[in-house]
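Enquirer: After the structure tokens below, expect a handful of questions from me.
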Amino acid sequence: MIDRPNMILLIEDDADHADLFRRCLDSIQGRPYELRHVAHAAAAGKALRDEAIDVIVLDYRLGLESGLDLLRRFRAEGEGRPVIVLTGHGNEYVAVEMMRAGADDYVVKTDLNPVVLAKVIRRAIELRRADRKSKEREALIRCRQKLLTPREREVMRMVVDGMTTREISRRLHRSENTVKIHRSNLMRKMRASTPADLARMVTMTGLVESV
């Protein structure tokens with residue numbers, strides 16, 4: 001089965017710039033992308049109902065509603081697909097402003113060429129995919145944490161703090177054998193193979209704060 005090309009939604013109100021983007025996209029070796037172009041925010045909202053859209057590329061300035069405002073609205077509404085911003089300005093302030101708003105990357109229009117475009121699109125897709133997997137793993141870890149008893153959660157916090165079974169036994173005024181059972185159970189429920197593995201889970205989710 002042949003994978004379908006990635007669908008790019010371009011939100012650009014300047015016809016000449018849209019044409020330049022299309023030519024760059026068509027010049028990428030192998031042409032693994034398809035393009036859908038809209039010129040304003042209202043049409044963009046309608047186009048994004050299509051689940052076939054893989055990447056959003058929008059102009060930093062879109063007339064009445066700036067690309068930055070549109071990006072903020074997309075993210076506030078839960079739009080999770082990769083977003084790349086086209087800008088005529090390459091200064092650091094613009095870059096930081098866009099990243100804070102939820103952009104995955106940006107391209108200065110004067111630097112636009114097939115090589116740069118292919119690299120930025122691929123990187124945005126990979127970063128968003130990695131972020132999605134990270135969130136899925138975090139949700140899974142939180143589900144496992146709910147299986148722990150209050151005592152197991154307490155022991156987990158002490159294990160992550162580096163305390164030995166003997167130290168935990170003294171702190172809780174319980175036998176070492178009892179602590180070993182709690183420890184074994186929580187490691188099994190969390191599916192952690194080592195204390196270091198458990199610590200990574202806690203770091204990822206902040207579970208210690210909720211223990």
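Residue names in the structure tokens use chain letters A, B, ... in the order shown, residue numbers from 1 in each chain, and ligand numbers from 1 in the order shown.
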Residues of range 72-91 of chain A that approach range 118-141 of chain A to 10 Å or less, counting only C-alpha atoms: could you list each one with the shortest pair of atoms and its distance in Å to one decimal, rows by chain and increasing residue number, as a tab-separated table?

Expert:
```
residue	atom	partner	partner_atom	distance
A:Gly80	CA	A:Arg128	CA	8.1
A:Arg81	CA	A:Arg128	CA	7.1
A:Pro82	CA	A:Ala124	CA	5.8
A:Val83	CA	A:Ala124	CA	7.4
A:Ile84	CA	A:Ala124	CA	7.4
```

Enquirer: Among range 119-184 of chain A, which ones does DSSP assign to alpha helix (DSSP H) (computed from the backbone)? Answer as a ChimeraX atom specification.

Expert: /A:119-145,150-160,165-172,176-184

Enquirer: Kindly export the residues of the current selection with C-alpha atoms, as an mmCIF file, in the first residue's frame.

Expert:
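Below is the file that was written, again-v5.cif:
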```cif
data_model
loop_
_atom_site.group_PDB
_atom_site.id
_atom_site.type_symbol
_atom_site.label_atom_id
_atom_site.label_comp_id
_atom_site.auth_asym_id
_atom_site.auth_seq_id
_atom_site.Cartn_x
_atom_site.Cartn_y
_atom_site.Cartn_z
ATOM 1 C CA LYS A 119 13.210 20.328 5.753
ATOM 2 C CA VAL A 120 10.852 22.573 7.733
ATOM 3 C CA ILE A 121 7.737 20.573 6.845
ATOM 4 C CA ARG A 122 9.389 17.263 7.695
ATOM 5 C CA ARG A 123 10.721 18.605 10.996
ATOM 6 C CA ALA A 124 7.347 20.050 12.001
ATOM 7 C CA ILE A 125 5.599 16.746 11.298
ATOM 8 C CA GLU A 126 8.199 14.778 13.252
ATOM 9 C CA LEU A 127 8.121 17.162 16.243
ATOM 10 C CA ARG A 128 4.332 17.134 16.436
ATOM 11 C CA ARG A 129 4.278 13.329 16.138
ATOM 12 C CA ALA A 130 6.836 13.023 18.941
ATOM 13 C CA ASP A 131 4.824 15.452 21.087
ATOM 14 C CA ARG A 132 1.651 13.435 20.519
ATOM 15 C CA LYS A 133 3.393 10.200 21.508
ATOM 16 C CA SER A 134 4.769 11.894 24.620
ATOM 17 C CA LYS A 135 1.295 13.044 25.653
ATOM 18 C CA GLU A 136 -0.127 9.580 25.043
ATOM 19 C CA ARG A 137 2.584 8.064 27.223
ATOM 20 C CA GLU A 138 1.960 10.659 29.936
ATOM 21 C CA ALA A 139 -1.760 9.841 29.933
ATOM 22 C CA LEU A 140 -0.977 6.142 30.182
ATOM 23 C CA ILE A 141 1.346 6.708 33.152
ATOM 24 C CA ARG A 142 -1.329 8.744 34.924
ATOM 25 C CA CYS A 143 -3.821 5.927 34.399
ATOM 26 C CA ARG A 144 -1.386 3.478 35.957
ATOM 27 C CA GLN A 145 -0.823 5.830 38.901
ATOM 28 C CA PRO A 150 -2.316 5.564 49.081
ATOM 29 C CA ARG A 151 0.492 3.617 50.771
ATOM 30 C CA GLU A 152 2.020 2.612 47.434
ATOM 31 C CA ARG A 153 1.974 6.244 46.333
ATOM 32 C CA GLU A 154 3.765 7.213 49.527
ATOM 33 C CA VAL A 155 6.383 4.526 48.975
ATOM 34 C CA MET A 156 6.775 5.619 45.352
ATOM 35 C CA ARG A 157 7.653 9.155 46.454
ATOM 36 C CA MET A 158 10.320 7.807 48.812
ATOM 37 C CA VAL A 159 11.750 5.469 46.175
ATOM 38 C CA VAL A 160 12.050 8.376 43.740
ATOM 39 C CA THR A 165 13.904 -0.192 51.641
ATOM 40 C CA ARG A 166 15.381 -0.021 55.147
ATOM 41 C CA GLU A 167 15.067 3.780 55.249
ATOM 42 C CA ILE A 168 11.474 3.620 54.049
ATOM 43 C CA SER A 169 10.752 0.958 56.664
ATOM 44 C CA ARG A 170 12.008 3.219 59.426
ATOM 45 C CA ARG A 171 10.150 6.260 58.100
ATOM 46 C CA LEU A 172 6.825 4.423 57.863
ATOM 47 C CA GLU A 176 11.092 -4.208 55.568
ATOM 48 C CA ASN A 177 9.137 -7.155 54.191
ATOM 49 C CA THR A 178 5.964 -5.037 54.078
ATOM 50 C CA VAL A 179 7.810 -2.226 52.321
ATOM 51 C CA LYS A 180 9.235 -4.718 49.809
ATOM 52 C CA ILE A 181 5.697 -5.856 49.006
ATOM 53 C CA HIS A 182 4.486 -2.276 48.524
ATOM 54 C CA ARG A 183 7.518 -1.507 46.418
ATOM 55 C CA SER A 184 7.090 -4.604 44.273
#
```

Enquirer: Just want the 9 Å neighbourhood of range 15-26 of chain A, counted on only C-alpha atoms, with same-chain residues fewer than 3 positions away dropped. Output as an mmCIF file with C-alpha atoms, in the first residue's frame.

Expert:
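Produced file around_37.cif, reproduced below:
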```
data_model
loop_
_atom_site.group_PDB
_atom_site.id
_atom_site.type_symbol
_atom_site.label_atom_id
_atom_site.label_comp_id
_atom_site.auth_asym_id
_atom_site.auth_seq_id
_atom_site.Cartn_x
_atom_site.Cartn_y
_atom_site.Cartn_z
ATOM 1 C CA LEU A 10 -1.605 27.259 2.907
ATOM 2 C CA ILE A 11 -3.323 30.320 4.401
ATOM 3 C CA GLU A 12 -1.935 33.237 2.389
ATOM 4 C CA GLN A 29 12.169 15.952 -5.095
ATOM 5 C CA GLY A 30 9.589 13.191 -5.315
ATOM 6 C CA ARG A 31 6.736 15.715 -4.835
ATOM 7 C CA PRO A 32 5.434 14.001 -1.693
ATOM 8 C CA TYR A 33 3.020 16.849 -0.894
ATOM 9 C CA GLU A 34 -0.334 18.153 -2.076
ATOM 10 C CA LEU A 35 -1.425 21.757 -1.578
ATOM 11 C CA HIS A 37 -4.694 27.199 -0.670
ATOM 12 C CA ALA A 39 -6.813 33.348 1.264
ATOM 13 C CA LYS A 109 9.950 34.296 2.770
ATOM 14 C CA LEU A 112 12.029 30.069 0.823
ATOM 15 C CA ASN A 113 13.279 27.348 -1.505
ATOM 16 C CA PRO A 114 12.457 23.642 -2.044
ATOM 17 C CA VAL A 115 15.266 22.384 0.207
ATOM 18 C CA LEU A 117 10.649 24.034 2.714
ATOM 19 C CA ALA A 118 11.024 20.247 2.654
#
```

Enquirer: When you count only C-alpha atoms, which of these residues is closest to Val202 in chain A: A:Arg188, A:His40, A:Gly67, A:Asp161?

Expert: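 Closest candidate: A:Asp161.
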
Enquirer: When DSSP is applied to the backbone of this structure, which of range 2-90 of chain A are assigned strand (DSSP E)? Write them out as a VMD selection string.

Expert: chain A and resid 6 to 11 33 to 38 53 to 59 83 to 87
